[in-house]
file data00.cif (mmCIF, C-alpha atoms and all ligand atoms)
data_protein
#
loop_
_atom_site.group_PDB
_atom_site.id
_atom_site.type_symbol
_atom_site.label_atom_id
_atom_site.label_comp_id
_atom_site.auth_asym_id
_atom_site.auth_seq_id
_atom_site.Cartn_x
_atom_site.Cartn_y
_atom_site.Cartn_z
ATOM 1 C CA MET A 1 -4.860 10.690 -25.865
ATOM 2 C CA SER A 2 -6.455 9.963 -22.512
ATOM 3 C CA ARG A 3 -9.428 7.633 -22.066
ATOM 4 C CA SER A 4 -11.646 10.706 -21.915
ATOM 5 C CA GLY A 5 -10.400 11.736 -25.379
ATOM 6 C CA ARG A 6 -8.433 14.777 -24.167
ATOM 7 C CA ALA A 7 -4.765 15.169 -25.058
ATOM 8 C CA GLU A 8 -2.472 14.404 -22.126
ATOM 9 C CA ARG A 9 -0.474 17.388 -20.908
ATOM 10 C CA PRO A 10 3.235 17.029 -21.585
ATOM 11 C CA THR A 11 4.170 18.874 -18.362
ATOM 12 C CA ALA A 12 2.297 16.264 -16.357
ATOM 13 C CA MET A 13 4.408 13.513 -17.898
ATOM 14 C CA VAL A 14 7.753 15.342 -17.644
ATOM 15 C CA ALA A 15 7.666 16.791 -14.133
ATOM 16 C CA PRO A 16 4.696 15.412 -12.206
ATOM 17 C CA HIS A 17 6.269 16.319 -8.842
ATOM 18 C CA ILE A 18 6.231 20.091 -9.526
ATOM 19 C CA LEU A 19 2.670 20.469 -10.752
ATOM 20 C CA PRO A 20 0.967 23.585 -9.345
ATOM 21 C CA GLN A 21 -1.299 23.015 -6.355
ATOM 22 C CA HIS A 22 -5.030 23.607 -6.530
ATOM 23 C CA ASP A 23 -7.166 25.331 -3.966
ATOM 24 C CA SER A 24 -10.280 23.111 -3.973
ATOM 25 C CA ALA A 25 -10.746 19.738 -2.280
ATOM 26 C CA SER A 26 -9.975 17.821 -5.508
ATOM 27 C CA ASP A 27 -6.684 17.536 -7.326
ATOM 28 C CA ALA A 28 -6.113 20.171 -10.037
ATOM 29 C CA PRO A 29 -6.922 18.893 -13.546
ATOM 30 C CA ALA A 30 -3.267 18.572 -14.623
ATOM 31 C CA LEU A 31 -2.412 16.604 -11.488
ATOM 32 C CA ALA A 32 -5.514 14.396 -11.835
ATOM 33 C CA GLU A 33 -4.527 13.673 -15.439
ATOM 34 C CA ALA A 34 -0.912 12.891 -14.455
ATOM 35 C CA LYS A 35 -2.213 10.416 -11.863
ATOM 36 C CA ALA A 36 -4.648 8.905 -14.386
ATOM 37 C CA ALA A 37 -1.884 8.439 -16.977
ATOM 38 C CA LEU A 38 0.349 6.721 -14.408
ATOM 39 C CA ARG A 39 -2.575 4.518 -13.302
ATOM 40 C CA ARG A 40 -3.096 3.333 -16.880
ATOM 41 C CA ARG A 41 0.595 2.455 -17.195
ATOM 42 C CA LEU A 42 0.672 0.653 -13.855
ATOM 43 C CA ARG A 43 -2.527 -1.299 -14.554
ATOM 44 C CA ALA A 44 -1.022 -2.551 -17.825
ATOM 45 C CA LEU A 45 2.116 -3.597 -15.968
ATOM 46 C CA ARG A 46 0.001 -5.588 -13.489
ATOM 47 C CA ALA A 47 -1.081 -7.916 -16.312
ATOM 48 C CA ALA A 48 2.418 -9.507 -16.446
ATOM 49 C CA PRO A 49 2.543 -12.993 -14.866
ATOM 50 C CA LEU A 50 4.184 -13.193 -11.432
ATOM 51 C CA PRO A 51 6.886 -15.646 -10.342
ATOM 52 C CA ALA A 52 5.075 -18.346 -8.341
ATOM 53 C CA ASP A 53 6.692 -17.487 -5.004
ATOM 54 C CA THR A 54 6.078 -13.709 -5.159
ATOM 55 C CA PRO A 55 2.693 -13.454 -3.374
ATOM 56 C CA ALA A 56 3.896 -15.740 -0.559
ATOM 57 C CA ALA A 57 7.109 -13.711 -0.152
ATOM 58 C CA LEU A 58 5.100 -10.485 0.105
ATOM 59 C CA CYS A 59 2.607 -11.963 2.583
ATOM 60 C CA ARG A 60 5.476 -13.303 4.718
ATOM 61 C CA ARG A 61 7.017 -9.828 4.949
ATOM 62 C CA MET A 62 3.617 -8.325 5.768
ATOM 63 C CA ALA A 63 3.024 -10.868 8.552
ATOM 64 C CA ASP A 64 6.528 -10.129 9.930
ATOM 65 C CA CYS A 65 5.718 -6.429 9.880
ATOM 66 C CA VAL A 66 2.562 -7.038 11.974
ATOM 67 C CA ARG A 67 4.309 -9.322 14.470
ATOM 68 C CA ALA A 68 7.172 -6.838 14.877
ATOM 69 C CA GLY A 69 4.862 -3.971 15.744
ATOM 70 C CA LEU A 70 1.702 -5.370 17.324
ATOM 71 C CA ARG A 71 0.663 -7.894 19.925
ATOM 72 C CA PRO A 72 -2.048 -10.512 19.259
ATOM 73 C CA GLY A 73 -5.412 -8.962 20.111
ATOM 74 C CA ALA A 74 -4.629 -5.886 18.004
ATOM 75 C CA THR A 75 -6.719 -5.229 14.890
ATOM 76 C CA VAL A 76 -5.117 -5.153 11.437
ATOM 77 C CA ALA A 77 -6.857 -3.821 8.315
ATOM 78 C CA ALA A 78 -6.141 -5.703 5.088
ATOM 79 C CA VAL A 79 -8.198 -5.981 1.875
ATOM 80 C CA TRP A 80 -10.138 -8.715 0.106
ATOM 81 C CA PRO A 81 -8.642 -9.036 -3.378
ATOM 82 C CA LEU A 82 -10.057 -7.372 -6.490
ATOM 83 C CA PRO A 83 -9.284 -9.028 -9.847
ATOM 84 C CA GLY A 84 -5.612 -8.593 -10.753
ATOM 85 C CA GLU A 85 -4.507 -7.750 -7.206
ATOM 86 C CA ILE A 86 -2.208 -9.629 -4.867
ATOM 87 C CA ASP A 87 -4.320 -12.075 -2.876
ATOM 88 C CA LEU A 88 -4.014 -11.419 0.874
ATOM 89 C CA ARG A 89 -6.517 -14.082 1.943
ATOM 90 C CA GLY A 90 -3.724 -16.373 3.208
ATOM 91 C CA LEU A 91 -2.317 -13.475 5.248
ATOM 92 C CA CYS A 92 -5.791 -12.745 6.665
ATOM 93 C CA ALA A 93 -6.148 -16.362 7.788
ATOM 94 C CA GLU A 94 -2.629 -16.434 9.250
ATOM 95 C CA LEU A 95 -3.180 -13.240 11.233
ATOM 96 C CA HIS A 96 -6.572 -14.449 12.459
ATOM 97 C CA HIS A 97 -5.106 -17.755 13.657
ATOM 98 C CA GLY A 98 -2.243 -15.800 15.272
ATOM 99 C CA GLY A 99 -4.773 -13.976 17.455
ATOM 100 C CA TYR A 100 -5.057 -10.694 15.548
ATOM 101 C CA GLY A 101 -8.410 -9.143 14.677
ATOM 102 C CA VAL A 102 -8.556 -8.916 10.882
ATOM 103 C CA LEU A 103 -10.578 -6.005 9.467
ATOM 104 C CA LEU A 104 -11.605 -5.505 5.841
ATOM 105 C CA PRO A 105 -12.932 -2.278 4.306
ATOM 106 C CA GLU A 106 -16.483 -1.588 3.256
ATOM 107 C CA THR A 107 -16.383 0.875 0.353
ATOM 108 C CA PRO A 108 -18.661 3.886 0.926
ATOM 109 C CA PRO A 109 -19.782 6.422 -1.708
ATOM 110 C CA ARG A 110 -16.896 8.477 -3.121
ATOM 111 C CA GLY A 111 -15.846 11.283 -0.801
ATOM 112 C CA HIS A 112 -16.290 9.245 2.407
ATOM 113 C CA PRO A 113 -13.726 7.314 4.455
ATOM 114 C CA LEU A 114 -13.670 3.525 4.487
ATOM 115 C CA ARG A 115 -15.399 1.635 7.261
ATOM 116 C CA PHE A 116 -13.635 -1.470 8.552
ATOM 117 C CA ARG A 117 -15.494 -4.646 9.544
ATOM 118 C CA LEU A 118 -14.256 -7.667 11.450
ATOM 119 C CA TRP A 119 -13.526 -10.725 9.320
ATOM 120 C CA ARG A 120 -13.084 -14.314 10.394
ATOM 121 C CA PRO A 121 -12.714 -17.395 8.168
ATOM 122 C CA GLY A 122 -16.051 -18.420 6.669
ATOM 123 C CA VAL A 123 -17.905 -15.191 7.524
ATOM 124 C CA PRO A 124 -20.408 -14.254 4.755
ATOM 125 C CA MET A 125 -19.043 -11.623 2.369
ATOM 126 C CA GLN A 126 -21.304 -8.868 1.054
ATOM 127 C CA ALA A 127 -20.977 -7.332 -2.400
ATOM 128 C CA GLY A 128 -19.972 -3.652 -2.247
ATOM 129 C CA ARG A 129 -19.030 -0.797 -4.570
ATOM 130 C CA PHE A 130 -16.560 -1.274 -7.451
ATOM 131 C CA GLY A 131 -16.721 -5.054 -7.153
ATOM 132 C CA THR A 132 -15.334 -5.058 -3.604
ATOM 133 C CA LEU A 133 -16.472 -7.593 -1.011
ATOM 134 C CA HIS A 134 -16.690 -6.923 2.717
ATOM 135 C CA PRO A 135 -17.594 -9.100 5.696
ATOM 136 C CA ASP A 136 -20.857 -8.522 7.555
ATOM 137 C CA GLY A 137 -19.033 -8.490 10.905
ATOM 138 C CA PRO A 138 -19.075 -5.579 13.376
ATOM 139 C CA VAL A 139 -17.439 -2.247 12.524
ATOM 140 C CA ALA A 140 -14.133 -1.782 14.359
ATOM 141 C CA ARG A 141 -11.211 0.615 14.477
ATOM 142 C CA PRO A 142 -7.897 -0.685 13.101
ATOM 143 C CA ASP A 143 -4.715 -0.497 15.166
ATOM 144 C CA PHE A 144 -2.735 -0.897 11.948
ATOM 145 C CA VAL A 145 -3.679 -0.421 8.290
ATOM 146 C CA PHE A 146 -2.224 -2.138 5.235
ATOM 147 C CA VAL A 147 -2.757 0.167 2.277
ATOM 148 C CA PRO A 148 -3.105 -1.324 -1.230
ATOM 149 C CA LEU A 149 -1.467 0.495 -4.106
ATOM 150 C CA LEU A 150 -1.069 0.546 -7.860
ATOM 151 C CA GLY A 151 2.221 2.431 -7.627
ATOM 152 C CA PHE A 152 4.578 3.894 -5.030
ATOM 153 C CA ASP A 153 7.831 5.779 -4.674
ATOM 154 C CA ARG A 154 10.604 5.692 -2.086
ATOM 155 C CA ARG A 155 9.315 8.804 -0.364
ATOM 156 C CA GLY A 156 6.281 6.705 0.625
ATOM 157 C CA PHE A 157 3.787 8.309 -1.744
ATOM 158 C CA ARG A 158 1.326 5.952 -3.367
ATOM 159 C CA LEU A 159 -1.215 5.865 -6.134
ATOM 160 C CA GLY A 160 -4.438 3.863 -5.774
ATOM 161 C CA TYR A 161 -7.494 3.499 -7.973
ATOM 162 C CA GLY A 162 -8.326 7.174 -7.638
ATOM 163 C CA GLY A 163 -11.134 7.121 -5.081
ATOM 164 C CA GLY A 164 -9.026 8.982 -2.522
ATOM 165 C CA TYR A 165 -10.362 6.493 0.015
ATOM 166 C CA TYR A 166 -7.164 5.705 1.870
ATOM 167 C CA ASP A 167 -5.965 9.306 2.170
ATOM 168 C CA ARG A 168 -9.370 10.238 3.606
ATOM 169 C CA THR A 169 -9.458 7.207 5.863
ATOM 170 C CA LEU A 170 -5.963 7.667 7.297
ATOM 171 C CA ALA A 171 -6.602 11.399 7.750
ATOM 172 C CA GLY A 172 -9.599 10.469 9.931
ATOM 173 C CA LEU A 173 -7.823 7.797 11.977
ATOM 174 C CA ASP A 174 -5.549 10.132 13.924
ATOM 175 C CA SER A 175 -2.051 8.863 13.100
ATOM 176 C CA VAL A 176 -2.856 5.159 13.073
ATOM 177 C CA PRO A 177 0.251 3.238 11.967
ATOM 178 C CA ALA A 178 0.032 2.182 8.323
ATOM 179 C CA ALA A 179 2.152 0.471 5.699
ATOM 180 C CA GLY A 180 1.668 0.312 1.959
ATOM 181 C CA TYR A 181 2.208 -2.988 0.218
ATOM 182 C CA GLY A 182 2.769 -3.996 -3.377
ATOM 183 C CA LEU A 183 5.206 -5.539 -5.806
ATOM 184 C CA SER A 184 8.695 -4.140 -6.320
ATOM 185 C CA ALA A 185 7.729 -3.749 -10.015
ATOM 186 C CA GLN A 186 5.155 -1.136 -8.944
ATOM 187 C CA GLU A 187 7.857 1.301 -7.813
ATOM 188 C CA VAL A 188 8.175 4.523 -9.833
ATOM 189 C CA PRO A 189 10.707 7.368 -9.394
ATOM 190 C CA ALA A 190 8.114 9.913 -8.198
ATOM 191 C CA VAL A 191 4.361 9.548 -7.787
ATOM 192 C CA PRO A 192 2.603 12.834 -8.677
ATOM 193 C CA VAL A 193 1.251 14.241 -5.400
ATOM 194 C CA GLY A 194 -1.398 16.686 -4.298
ATOM 195 C CA ARG A 195 -2.070 18.313 -0.960
ATOM 196 C CA HIS A 196 -4.121 15.382 0.390
ATOM 197 C CA ASP A 197 -1.459 12.792 -0.369
ATOM 198 C CA VAL A 198 0.298 11.823 2.847
ATOM 199 C CA PRO A 199 3.437 9.681 2.522
ATOM 200 C CA LEU A 200 3.419 6.270 4.164
ATOM 201 C CA PRO A 201 6.238 5.545 6.633
ATOM 202 C CA VAL A 202 6.725 1.972 5.401
ATOM 203 C CA ILE A 203 6.133 0.134 2.121
ATOM 204 C CA VAL A 204 6.411 -3.640 2.034
ATOM 205 C CA THR A 205 7.252 -5.459 -1.191
ATOM 206 C CA GLU A 206 8.162 -9.081 -1.868
ATOM 207 C CA ARG A 207 11.830 -8.006 -1.864
ATOM 208 C CA GLU A 208 12.189 -5.480 0.928
ATOM 209 C CA THR A 209 10.523 -3.552 3.722
ATOM 210 C CA ILE A 210 11.204 0.058 2.795
ATOM 211 C CA ARG A 211 11.494 2.616 5.631
ATOM 212 C CA CYS A 212 10.443 5.605 3.592
ATOM 213 C CA GLY A 213 12.416 8.803 3.932
ATOM 214 C CA ALA A 214 14.998 6.986 6.097
HETATM 215 N N1 LIG A 301 -8.929 -5.071 -2.786
HETATM 216 C C1 LIG A 301 -9.103 -3.775 -2.622
HETATM 217 N N2 LIG A 301 -10.119 -3.358 -1.879
HETATM 218 C C2 LIG A 301 -10.300 -2.027 -1.694
HETATM 219 C C3 LIG A 301 -9.467 -1.074 -2.301
HETATM 220 C C4 LIG A 301 -8.384 -1.554 -3.097
HETATM 221 O O1 LIG A 301 -7.558 -0.797 -3.652
HETATM 222 N N3 LIG A 301 -8.237 -2.908 -3.226
HETATM 223 N N4 LIG A 301 -9.734 0.267 -2.124
HETATM 224 C C5 LIG A 301 -8.827 1.295 -2.311
HETATM 225 O O2 LIG A 301 -9.146 2.453 -2.234
HETATM 226 C C6 LIG A 301 -11.093 0.631 -1.687
HETATM 227 C C7 LIG A 301 -12.019 0.519 -2.899
HETATM 228 N N5 LIG A 301 -11.711 1.516 -3.824
HETATM 229 C C8 LIG A 301 -11.854 1.430 -5.176
HETATM 230 C C9 LIG A 301 -11.940 2.620 -5.876
HETATM 231 C C10 LIG A 301 -12.104 2.611 -7.241
HETATM 232 C C11 LIG A 301 -12.146 1.389 -7.924
HETATM 233 C C12 LIG A 301 -12.281 1.416 -9.389
HETATM 234 O O3 LIG A 301 -12.466 2.455 -9.991
HETATM 235 N N6 LIG A 301 -12.161 0.267 -10.021
HETATM 236 C C13 LIG A 301 -12.154 0.193 -11.472
HETATM 237 C C14 LIG A 301 -11.224 -0.914 -11.947
HETATM 238 C C15 LIG A 301 -9.826 -0.705 -11.444
HETATM 239 C C16 LIG A 301 -8.852 -1.782 -11.905
HETATM 240 O O4 LIG A 301 -9.215 -2.977 -12.006
HETATM 241 O O5 LIG A 301 -7.679 -1.483 -12.145
HETATM 242 C C17 LIG A 301 -13.562 -0.051 -11.968
HETATM 243 O O6 LIG A 301 -14.413 -0.483 -11.153
HETATM 244 O O7 LIG A 301 -13.775 0.205 -13.147
HETATM 245 C C18 LIG A 301 -12.021 0.211 -7.222
HETATM 246 C C19 LIG A 301 -11.877 0.231 -5.840
HETATM 247 C C20 LIG A 301 -11.513 -0.278 -0.578
HETATM 248 N N7 LIG A 301 -11.349 -1.658 -0.926
HETATM 249 N N1 LIG A 302 -8.380 13.719 2.813
HETATM 250 C C1 LIG A 302 -8.957 14.153 1.673
HETATM 251 N N2 LIG A 302 -9.882 15.138 1.700
HETATM 252 C C2 LIG A 302 -10.452 15.602 0.566
HETATM 253 N N3 LIG A 302 -10.158 15.119 -0.665
HETATM 254 C C3 LIG A 302 -9.259 14.141 -0.757
HETATM 255 C C4 LIG A 302 -8.618 13.598 0.399
HETATM 256 N N4 LIG A 302 -7.773 12.618 -0.021
HETATM 257 C C5 LIG A 302 -7.879 12.563 -1.362
HETATM 258 N N5 LIG A 302 -8.762 13.467 -1.813
HETATM 259 C C6 LIG A 302 -9.130 13.704 -3.223
HETATM 260 O O1 LIG A 302 -9.668 12.503 -3.781
HETATM 261 C C7 LIG A 302 -9.298 12.420 -5.159
HETATM 262 C C8 LIG A 302 -8.628 11.086 -5.449
HETATM 263 O O2 LIG A 302 -7.397 11.038 -4.727
HETATM 264 P P1 LIG A 302 -6.160 10.158 -5.252
HETATM 265 O O3 LIG A 302 -6.013 10.332 -6.733
HETATM 266 O O4 LIG A 302 -4.978 10.471 -4.385
HETATM 267 O O5 LIG A 302 -6.713 8.699 -4.961
HETATM 268 P P2 LIG A 302 -5.941 7.341 -4.668
HETATM 269 O O6 LIG A 302 -5.038 7.550 -3.499
HETATM 270 O O7 LIG A 302 -5.322 6.883 -5.939
HETATM 271 O O8 LIG A 302 -7.172 6.395 -4.310
HETATM 272 P P3 LIG A 302 -7.418 5.321 -3.138
HETATM 273 O O9 LIG A 302 -6.904 5.927 -1.846
HETATM 274 O O10 LIG A 302 -8.901 5.162 -3.116
HETATM 275 O O11 LIG A 302 -6.692 4.087 -3.470
HETATM 276 C C9 LIG A 302 -8.365 13.591 -5.449
HETATM 277 O O12 LIG A 302 -9.111 14.611 -6.088
HETATM 278 C C10 LIG A 302 -7.910 14.012 -4.067
HETATM 279 O O13 LIG A 302 -7.570 15.380 -4.006
#

call {"tool": "encode", "arguments": {"input": "data00.cif", "output": "structure tokens", "more": "lines below"}}
Ligand SMILES: Nc1nc2c(c(=O)[nH]1)N(C=O)[C@@H](CNc1ccc(C(=O)N[C@@H](CCC(=O)O)C(=O)O)cc1)CN2
Ligand SMILES: Nc1ncnc2c1ncn2[C@@H]1O[C@H](COP(=O)(O)OP(=O)(O)OP(=O)(O)O)[C@@H](O)[C@H]1O
result
Amino acid sequence: MSRSGRAERPTAMVAPHILPQHDSASDAPALAEAKAALRRRLRALRAAPLPADTPAALCRRMADCVRAGLRPGATVAAVWPLPGEIDLRGLCAELHHGGYGVLLPETPPRGHPLRFRLWRPGVPMQAGRFGTLHPDGPVARPDFVFVPLLGFDRRGFRLGYGGGYYDRTLAGLDSVPAAGYGLSAQEVPAVPVGRHDVPLPVIVTERETIRCGA
């Protein structure tokens, strides 16, 4: 049974990649339920303890990814950690000290894109929706976006917390370069996708930098 008390649909579990498409702005119910079921599984998996060097290995790859593609002075969107997530605060500090502008998202009401604000070490953080924290710095446009995820596949599709925030945000940023990031343990064979889900070109894990679809 799902959290809502409804039975989960077997088709959604067996072949999530061939679910019928829906005509409205939201995902069709079967697709939404397939995503919700996968989210529950991936959240549970996140509770497992991590090897001590894993977060540092991931952050190192993410910093390399920025330095390979952008010059200092460019702005990079990261996130401030929510409980249970990989902590990118060390990466934020490293990028800031390397001359990059570090942006963090402010979470708007559901249905709206994220707004990114400039962060620097010590800047006051404001409490936002869903327990998120954002800096009170000026709003700025990212030159590059790191996209958090609960799960991903090798095609570059990802699953987040279900707000649809990143798909909306990237759709509004006119082909800004972006990379997903997460743990290799968060990889699944095929994330269930709807018409708003746009695959990411790159996903960085602690083990590899995946060029999706390559
Ligand atoms: N650190 C971080 N910041 C982020 C995101 C993220 O994934 N990670 N977001 C990515 O879009 C946006 C916030 N989106 C969110 C959308 C829904 C929920 C949410 O429903 N949270 C659940 C608990 C989820 C869990 O702990 O697994 C809740 O509040 O009950 C949280 C954030 C912007 N900031
Ligand atoms: N660009 C968009 N325009 C309209 N609706 C969208 C857009 N992107 C996503 N949605 C809708 O938002 C809802 C949540 O999307 P989805 O389940 O893909 O979220 P998510 O990627 O897990 O969340 P997040 O991006 O916040 O981490 C779905 O109903 C989806 O169809």

call {"tool": "atom_distance", "arguments": {"input": "data00.cif", "atom1": "atom CA of A:Gln186", "atom2": "atom P3 of ligand LIG 302 (chain A)"}}
result
15.3 Å

call {"tool": "residues_near_ligand", "arguments": {"input": "data00.cif", "ligand": "ligand LIG 302 (chain A)", "cutoff": "6 Å", "atoms": "only C-alpha atoms and all ligand atoms", "output": "list in words"}}
result
Ala25, Ser26, Asp27, Leu159, Gly160, Tyr161, Gly162, Gly163, Gly164, Tyr165, Tyr166, Asp167, Arg168, Ala171, His196 and Asp197 of chain A

call {"tool": "write_last_selection", "arguments": {"input": "data00.cif", "atoms": "C-alpha atoms", "output": "CSV table (one decimal), keeping the file's coordinate frame"}}
result
chain,number,residue,atom,x,y,z
A,25,ALA,CA,-10.7,19.7,-2.3
A,26,SER,CA,-10.0,17.8,-5.5
A,27,ASP,CA,-6.7,17.5,-7.3
A,159,LEU,CA,-1.2,5.9,-6.1
A,160,GLY,CA,-4.4,3.9,-5.8
A,161,TYR,CA,-7.5,3.5,-8.0
A,162,GLY,CA,-8.3,7.2,-7.6
A,163,GLY,CA,-11.1,7.1,-5.1
A,164,GLY,CA,-9.0,9.0,-2.5
A,165,TYR,CA,-10.4,6.5,0.0
A,166,TYR,CA,-7.2,5.7,1.9
A,167,ASP,CA,-6.0,9.3,2.2
A,168,ARG,CA,-9.4,10.2,3.6
A,171,ALA,CA,-6.6,11.4,7.8
A,196,HIS,CA,-4.1,15.4,0.4
A,197,ASP,CA,-1.5,12.8,-0.4

call {"tool": "residues_near_ligand", "arguments": {"input": "data00.cif", "ligand": "ligand LIG 301 (chain A)", "cutoff": "7 Å", "atoms": "all atoms listed in the file", "output": "list in words"}}
result
Arg43, Val79, Trp80, Pro81, Leu82, Pro83, Gly84, Glu85, Pro105, Glu106, Thr107, Leu114, Phe130, Gly131, Thr132, Pro148, Leu149, Gly160, Tyr161, Gly162, Gly163, Gly164, Tyr165 and Tyr166 of chain A

call {"tool": "closest_residue", "arguments": {"input": "data00.cif", "among": "A:Leu173, A:Ile86, A:Leu103, A:Ile210", "to": "A:Arg46", "atoms": "only C-alpha atoms"}}
result
A:Ile86

call {"tool": "resolve_selection", "arguments": {"input": "data00.cif", "expression": "the PyMOL selection byres (((chain A and resi 120) around 8) and not hetatm)", "output": "JSON, numbers by chain"}}
result
{"A": [93, 96, 102, 118, 119, 121, 122, 123]}

call {"tool": "resolve_selection", "arguments": {"input": "data00.cif", "expression": "the PyMOL selection byres (((chain A and resi 157) around 7) and not hetatm)", "output": "count of residues only"}}
result
9

call {"tool": "closest_residue", "arguments": {"input": "data00.cif", "among": "A:Gly182, A:Pro192, A:Pro72, A:Pro177", "to": "A:Val145", "atoms": "only C-alpha atoms"}}
result
A:Pro177

call {"tool": "closest_residue", "arguments": {"input": "data00.cif", "among": "A:Val139, A:Gly101, A:Ala37, A:Leu133", "to": "A:Arg117", "atoms": "all atoms listed in the file"}}
result
A:Val139

call {"tool": "atom_distance", "arguments": {"input": "data00.cif", "atom1": "atom CA of A:Gly69", "atom2": "atom CA of A:Asp136"}}
result
27.4 Å

call {"tool": "axis_aligned_box", "arguments": {"input": "data00.cif", "around": "stretch 96-114 of chain A", "padding_each_side": "8 Å", "output": "lines of an AutoDock Vina configuration file"}}
result
center_x = -11.0
center_y = -3.2
center_z = 7.2
size_x = 33.5
size_y = 45.0
size_z = 36.6

call {"tool": "atom_distance", "arguments": {"input": "data00.cif", "atom1": "atom CA of A:Pro55", "atom2": "atom CA of A:Asp87"}}
result
7.2 Å

call {"tool": "build_atoms", "arguments": {"input": "data00.cif", "residues": "stretch 174-180 of chain A", "atoms": "all heavy atoms", "output": "JSON list (two decimals), in the frame of the given file"}}
result
[["chain", "number", "residue", "atom", "x", "y", "z"],
["A", 174, "ASP", "N", -6.42, 9.55, 12.92],
["A", 174, "ASP", "CA", -5.55, 10.13, 13.92],
["A", 174, "ASP", "C", -4.24, 9.36, 14.10],
["A", 174, "ASP", "O", -4.01, 8.70, 15.12],
["A", 174, "ASP", "CB", -6.32, 10.22, 15.26],
["A", 174, "ASP", "CG", -5.59, 11.12, 16.23],
["A", 174, "ASP", "OD1", -4.83, 12.00, 15.76],
["A", 174, "ASP", "OD2", -5.77, 10.95, 17.45],
["A", 175, "SER", "N", -3.40, 9.44, 13.11],
["A", 175, "SER", "CA", -2.05, 8.86, 13.10],
["A", 175, "SER", "C", -1.99, 7.37, 13.44],
["A", 175, "SER", "O", -1.10, 6.93, 14.17],
["A", 175, "SER", "CB", -1.09, 9.67, 13.97],
["A", 175, "SER", "OG", -1.44, 9.57, 15.33],
["A", 176, "VAL", "N", -2.94, 6.62, 12.93],
["A", 176, "VAL", "CA", -2.86, 5.16, 13.07],
["A", 176, "VAL", "C", -1.64, 4.68, 12.26],
["A", 176, "VAL", "O", -1.39, 5.20, 11.17],
["A", 176, "VAL", "CB", -4.18, 4.49, 12.58],
["A", 176, "VAL", "CG1", -4.36, 4.65, 11.08],
["A", 176, "VAL", "CG2", -4.23, 3.02, 12.95],
["A", 177, "PRO", "N", -0.87, 3.73, 12.78],
["A", 177, "PRO", "CA", 0.25, 3.24, 11.97],
["A", 177, "PRO", "C", -0.25, 2.54, 10.71],
["A", 177, "PRO", "O", -1.28, 1.84, 10.74],
["A", 177, "PRO", "CB", 0.98, 2.26, 12.88],
["A", 177, "PRO", "CG", 0.21, 2.17, 14.13],
["A", 177, "PRO", "CD", -0.95, 3.10, 14.10],
["A", 178, "ALA", "N", 0.46, 2.75, 9.61],
["A", 178, "ALA", "CA", 0.03, 2.18, 8.32],
["A", 178, "ALA", "C", 1.25, 1.81, 7.51],
["A", 178, "ALA", "O", 2.33, 2.40, 7.68],
["A", 178, "ALA", "CB", -0.81, 3.21, 7.56],
["A", 179, "ALA", "N", 1.08, 0.84, 6.64],
["A", 179, "ALA", "CA", 2.15, 0.47, 5.70],
["A", 179, "ALA", "C", 1.51, 0.18, 4.36],
["A", 179, "ALA", "O", 0.48, -0.50, 4.29],
["A", 179, "ALA", "CB", 2.91, -0.76, 6.20],
["A", 180, "GLY", "N", 2.11, 0.69, 3.29],
["A", 180, "GLY", "CA", 1.67, 0.31, 1.96],
["A", 180, "GLY", "C", 2.24, -1.05, 1.62],
["A", 180, "GLY", "O", 3.24, -1.47, 2.21]]
